[in-house]
Amino acid sequence: MEKIKVGIIGTGFIGPTHIEAIRRLGFVEVVGLAETSMEMAEKKAAEFAIPKAFGDYREMLRDSEIQVVHNCTPNHVHFMINKEIILAGKHVISEKPLAMNIQESTELLELAEKHGVVHGVNFNYRQYATIQNLQAKIANGDLGKVKLVHGSYLQDWLLYETDFNWRLAPEVGGKSRAIADIGSHWCDTVQFVTGKRIVEVFADLATVVPVRKKAKNAIATFSTQTPDEQEYEEIPIHTEDYASVLVRFEDGGRGVFTVSQVSAGRKNRLSFEINGSQCSVFWNQEEPEKLWIGHRDRANETLLADPFLFTVEARTQIHHPGGHNEGWPDALKNMMLNFYSFVRDGKSLKSDKPNFATFKDGHNSMCITDAILESNEQQKWVKVQTLKEVYA
């Protein structure tokens with residue numbers, strides 16, 4: 001069978017991880033790479049051994065050999081590029097957020113459905129084998145009725161006032177930062193694993209570091225210049241470093257989560273606890289092979305990832321024997337495997353259920369983010385819009 005041909009737009013942090021995950025599949029080939037200039041594109045294409053380089057992504061979209069395009073660009077151009085990918089008739093995987101607002105995400109979803117392309121959003125945390133197993137266990141009733149969900153997503157990469165990144169600028173990263181960047185992953189993972197939609201929120205947001213120091217000149221690798229000698233300009237910050245959000249689920253269940261990008265020592269700690277009527281579970285992304293199971297009347301358990309101990313539904317999502325821990329790159333591989341198997345098998349999102357997040361999930365994430373921002377501004381409970389309400 002001929003391999004599915006793929007193009008990648010953007011080679012920051014996430015683009016190369018897409019390339020690596022795709023190459024592990026075997027039946028998919030990355031044949032094109034687009035960057036902001038031809039010089040950069042050729043440099044990166046040579047670095048990753050990709051045959052075609054494009055200084056303009058629109059040239060890539062005109063390449064008839066390429067069937068799928070990955071949008072790995074900064075947030076503010078997601079909408080425009082996703083739209084052009086769809087209009088070019090290519091299947092698409094977009095990084096999140098899907099767009100910059102609900103109106104844009106609605107348009108993208110309508111357009112993707114109209115043109116019949118397969119569309120995915122890289123919510124990769126739902127693709128961990130343990131998460132897939134837990135989702136099946138909850139669906140099978142192993143926890144009883146899910147009553148409470150609580151957790152957090154904590155990082156420390158913006159702890160210091162001299163930490164600066166394009167995500168801090170609202171015109172590039174969007175009007176929300178911590179919620180849109182990492183809170184969206186928490187919400188997607190919890191909604192996926194419980195099978196329940198978040199319908200109402202009450203939020204408290206804060207900018208912990210209100211003014212940051214942006215380096216006027218980047219310090220080159222191996223430079224004799226020290227950080228103390230660096231010159232900075234002070235930049236007022238208008239997006240949140242921190243948020244705590246009360247949530248209500250569609251069946252009346254309750255929950256709460258905290259996100260922070262200024263928590264020292266926490267690198268990428270997405271975690272949650274689910275309390276059911278029969279037992280509880282706890283999972284932490286930094287130790288993804290472990291699932292804590294809590295009981296009232298007998299000893300608690302720790303279930304380690306093992307295909308022989310997983311549900312039938314989840315066994316295809318774990319690829320090594322027990323004790324051979326799978327992590328973040330493997331969850332991303334599962335995202336690519338599920339998406340490209342769907343494309344390879346000629347399935348349609350109109351009639352077949354996918355095991356990956358689609359533009360519908362990306363749009364739902366936008367609706368939750370907007371509701372959280374509105375709640376923080378008005379200091380009251382805010383209903384999360386549904387797809388039908390947005391279309392109306």
# chains A, B, ... in the order shown; residues from 1 in each chain; ligands from 1
>>> residues_around(residues="Asn355 in chain A", least_positions_apart="5", cutoff="12 Å", atoms="only C-alpha atoms", output="PyMOL selection string")
chain A and resi 119-124+126-128+132+135+192+313-314+316-317+334-342+347+349+361
>>> select_by_dssp(residues="range 99-316 of chain A", states="helix (DSSP H, G or I)", output="ChimeraX atom specification")
/A:102-115,124-127,129-139,166-168,170-173,178-194,227-229,307-309,312-316
>>> atom_distance(atom1="CA of Lys214 in chain A", atom2="CA of Arg167 in chain A")
12.7 Å
>>> atom_distance(atom1="CA of Ile182 in chain A", atom2="CA of Val146 in chain A")
23.4 Å
>>> closest_residue(among="A:Thr106, A:Asn165, A:Thr130, A:Thr258", to="Ile237 in chain A", atoms="only C-alpha atoms")
A:Asn165
>>> atom_distance(atom1="CA of Asp188 in chain A", atom2="CA of Pro170 in chain A")
22.5 Å
>>> closest_residue(among="A:Lys44, A:Arg254, A:Lys196, A:His78", to="Leu148 in chain A", atoms="only C-alpha atoms")
A:Arg254
>>> closest_atom_pairs(of="range 221-277 of chain A", to="range 288-309 of chain A", cutoff="10 Å", atoms="only C-alpha atoms", output="CSV")
residue,atom,partner,partner_atom,distance
A:Leu270,CA,A:Pro288,CA,9.9
A:Ser271,CA,A:Pro288,CA,9.7
A:Glu273,CA,A:Trp292,CA,9.1
A:Ile274,CA,A:Ile293,CA,9.7
A:Asn275,CA,A:Gly294,CA,8.8
A:Gly276,CA,A:Gly294,CA,9.8
>>> closest_residue(among="A:Leu154, A:Ala49, A:Ile8, A:Val69", to="His185 in chain A", atoms="only C-alpha atoms")
A:Leu154
>>> residues_around(residues="Val77 in chain A", least_positions_apart="3", cutoff="9 Å", atoms="only C-alpha atoms", output="list in words")
Thr73, Pro74, Met80, Ile81, Asn82, Ala99, Met100 and Val172 of chain A
>>> write_last_selection(atoms="C-alpha atoms", output="PDB file, in the first residue's frame")
ATOM      1  CA  THR A  73       2.201  27.333  13.987  1.00  0.00           C
ATOM      2  CA  PRO A  74       1.625  29.983  16.716  1.00  0.00           C
ATOM      3  CA  MET A  80      -6.282  31.338   8.681  1.00  0.00           C
ATOM      4  CA  ILE A  81      -4.023  28.383   7.954  1.00  0.00           C
ATOM      5  CA  ASN A  82      -6.580  25.751   9.003  1.00  0.00           C
ATOM      6  CA  ALA A  99      -8.724  29.344  16.543  1.00  0.00           C
ATOM      7  CA  MET A 100      -8.741  32.634  18.468  1.00  0.00           C
ATOM      8  CA  VAL A 172      -0.209  36.213  19.168  1.00  0.00           C
TER       9      VAL A 172
END
>>> select_by_dssp(residues="range 160-352 of chain A", states="strand (DSSP E or B)", output="PyMOL selection string")
chain A and resi 198-206+211-215+232-236+242-249+254-260+269-276+280-284+290-294+301-304
>>> residues_around(residues="Leu61 in chain A", least_positions_apart="3", cutoff="12 Å", atoms="only C-alpha atoms", output="PyMOL selection string")
chain A and resi 6-9+32-34+54-58+64-71+81-92
>>> write_last_selection(atoms="N, CA, C and O atoms", output="tab-separated table (two decimals), in the first residue's frame")
chain	number	residue	atom	x	y	z
A	6	VAL	N	2.49	13.53	3.79
A	6	VAL	CA	2.17	14.55	4.79
A	6	VAL	C	3.07	15.77	4.64
A	6	VAL	O	4.25	15.65	4.31
A	7	GLY	N	2.50	16.95	4.96
A	7	GLY	CA	3.27	18.18	5.04
A	7	GLY	C	3.14	18.79	6.42
A	7	GLY	O	2.07	18.71	7.04
A	8	ILE	N	4.20	19.41	6.92
A	8	ILE	CA	4.24	20.04	8.24
A	8	ILE	C	4.45	21.54	8.08
A	8	ILE	O	5.37	21.96	7.37
A	9	ILE	N	3.62	22.35	8.74
A	9	ILE	CA	3.81	23.79	8.75
A	9	ILE	C	4.25	24.20	10.15
A	9	ILE	O	3.49	24.06	11.11
A	32	GLY	N	6.98	17.04	3.04
A	32	GLY	CA	7.13	18.48	2.87
A	32	GLY	C	7.16	19.21	4.19
A	32	GLY	O	6.57	18.77	5.19
A	33	LEU	N	7.87	20.34	4.20
A	33	LEU	CA	7.98	21.18	5.40
A	33	LEU	C	7.93	22.64	4.97
A	33	LEU	O	8.63	23.04	4.04
A	34	ALA	N	7.10	23.41	5.65
A	34	ALA	CA	6.98	24.84	5.33
A	34	ALA	C	7.39	25.68	6.53
A	34	ALA	O	7.06	25.35	7.67
A	54	PHE	N	9.38	24.43	1.66
A	54	PHE	CA	8.52	25.50	1.15
A	54	PHE	C	8.70	26.75	2.00
A	54	PHE	O	8.53	26.70	3.22
A	55	GLY	N	9.04	27.86	1.37
A	55	GLY	CA	9.17	29.12	2.08
A	55	GLY	C	7.84	29.79	2.31
A	55	GLY	O	7.75	30.77	3.05
A	56	ASP	N	6.77	29.26	1.70
A	56	ASP	CA	5.41	29.75	1.87
A	56	ASP	C	4.50	28.53	1.95
A	56	ASP	O	4.49	27.70	1.03
A	57	TYR	N	3.74	28.40	3.02
A	57	TYR	CA	2.91	27.21	3.20
A	57	TYR	C	1.86	27.06	2.09
A	57	TYR	O	1.40	25.96	1.79
A	58	ARG	N	1.50	28.17	1.44
A	58	ARG	CA	0.49	28.10	0.37
A	58	ARG	C	1.02	27.29	-0.82
A	58	ARG	O	0.24	26.64	-1.52
A	64	SER	N	0.02	18.50	-5.07
A	64	SER	CA	-1.00	17.45	-5.17
A	64	SER	C	-0.58	16.15	-4.49
A	64	SER	O	-1.43	15.30	-4.19
A	65	GLU	N	0.72	15.96	-4.25
A	65	GLU	CA	1.18	14.73	-3.61
A	65	GLU	C	0.80	14.70	-2.14
A	65	GLU	O	0.54	13.63	-1.57
A	66	ILE	N	0.73	15.86	-1.51
A	66	ILE	CA	0.48	15.94	-0.07
A	66	ILE	C	-1.01	15.81	0.22
A	66	ILE	O	-1.83	16.56	-0.31
A	67	GLN	N	-1.35	14.84	1.08
A	67	GLN	CA	-2.74	14.53	1.39
A	67	GLN	C	-3.19	15.09	2.74
A	67	GLN	O	-4.37	15.37	2.95
A	68	VAL	N	-2.25	15.21	3.67
A	68	VAL	CA	-2.56	15.67	5.03
A	68	VAL	C	-1.58	16.77	5.41
A	68	VAL	O	-0.38	16.66	5.11
A	69	VAL	N	-2.07	17.80	6.11
A	69	VAL	CA	-1.21	18.88	6.55
A	69	VAL	C	-1.36	19.08	8.06
A	69	VAL	O	-2.49	19.11	8.58
A	70	HIS	N	-0.23	19.25	8.74
A	70	HIS	CA	-0.21	19.51	10.18
A	70	HIS	C	0.07	20.99	10.40
A	70	HIS	O	1.07	21.52	9.91
A	71	ASN	N	-0.81	21.64	11.16
A	71	ASN	CA	-0.66	23.06	11.47
A	71	ASN	C	0.00	23.19	12.83
A	71	ASN	O	-0.65	23.06	13.87
A	81	ILE	N	-4.70	29.51	8.60
A	81	ILE	CA	-4.02	28.38	7.95
A	81	ILE	C	-4.93	27.15	7.92
A	81	ILE	O	-4.98	26.44	6.89
A	82	ASN	N	-5.64	26.88	9.01
A	82	ASN	CA	-6.58	25.75	9.00
A	82	ASN	C	-7.61	25.90	7.89
A	82	ASN	O	-7.96	24.94	7.20
A	83	LYS	N	-8.11	27.12	7.74
A	83	LYS	CA	-9.11	27.38	6.70
A	83	LYS	C	-8.55	27.11	5.31
A	83	LYS	O	-9.20	26.46	4.47
A	84	GLU	N	-7.34	27.56	5.07
A	84	GLU	CA	-6.74	27.36	3.75
A	84	GLU	C	-6.41	25.90	3.49
A	84	GLU	O	-6.49	25.42	2.35
A	85	ILE	N	-6.04	25.16	4.54
A	85	ILE	CA	-5.80	23.72	4.38
A	85	ILE	C	-7.07	23.02	3.94
A	85	ILE	O	-7.07	22.19	3.01
A	86	ILE	N	-8.18	23.34	4.59
A	86	ILE	CA	-9.47	22.72	4.26
A	86	ILE	C	-9.87	23.07	2.84
A	86	ILE	O	-10.30	22.19	2.06
A	87	LEU	N	-9.76	24.35	2.47
A	87	LEU	CA	-10.14	24.78	1.12
A	87	LEU	C	-9.27	24.14	0.05
A	87	LEU	O	-9.69	24.02	-1.11
A	88	ALA	N	-8.05	23.73	0.44
A	88	ALA	CA	-7.17	23.04	-0.51
A	88	ALA	C	-7.53	21.55	-0.63
A	88	ALA	O	-6.92	20.84	-1.43
A	89	GLY	N	-8.50	21.10	0.17
A	89	GLY	CA	-8.95	19.72	0.08
A	89	GLY	C	-8.06	18.73	0.82
A	89	GLY	O	-8.13	17.52	0.57
A	90	LYS	N	-7.24	19.23	1.76
A	90	LYS	CA	-6.34	18.35	2.51
A	90	LYS	C	-6.97	17.98	3.86
A	90	LYS	O	-7.68	18.79	4.47
A	91	HIS	N	-6.69	16.78	4.33
A	91	HIS	CA	-7.01	16.44	5.71
A	91	HIS	C	-6.09	17.27	6.61
A	91	HIS	O	-4.99	17.66	6.21
A	92	VAL	N	-6.53	17.51	7.87
A	92	VAL	CA	-5.79	18.46	8.70
A	92	VAL	C	-5.71	18.02	10.15
A	92	VAL	O	-6.70	17.54	10.72
>>> residues_around(residues="Thr311 in chain A", least_positions_apart="5", cutoff="9 Å", atoms="only C-alpha atoms", output="list in words")
Asn133, Leu134, Ala136 and Lys137 of chain A
>>> residues_around(residues="Pro236 in chain A", least_positions_apart="2", cutoff="7 Å", atoms="only C-alpha atoms", output="list in words")
Pro210, Val211, Arg212, Glu234 and His238 of chain A
>>> residues_around(residues="Glu107 in chain A", least_positions_apart="3", cutoff="12 Å", atoms="only C-alpha atoms", output="PyMOL selection string")
chain A and resi 79-80+82-83+86+98-104+110-114+359-360+363+387+390-391
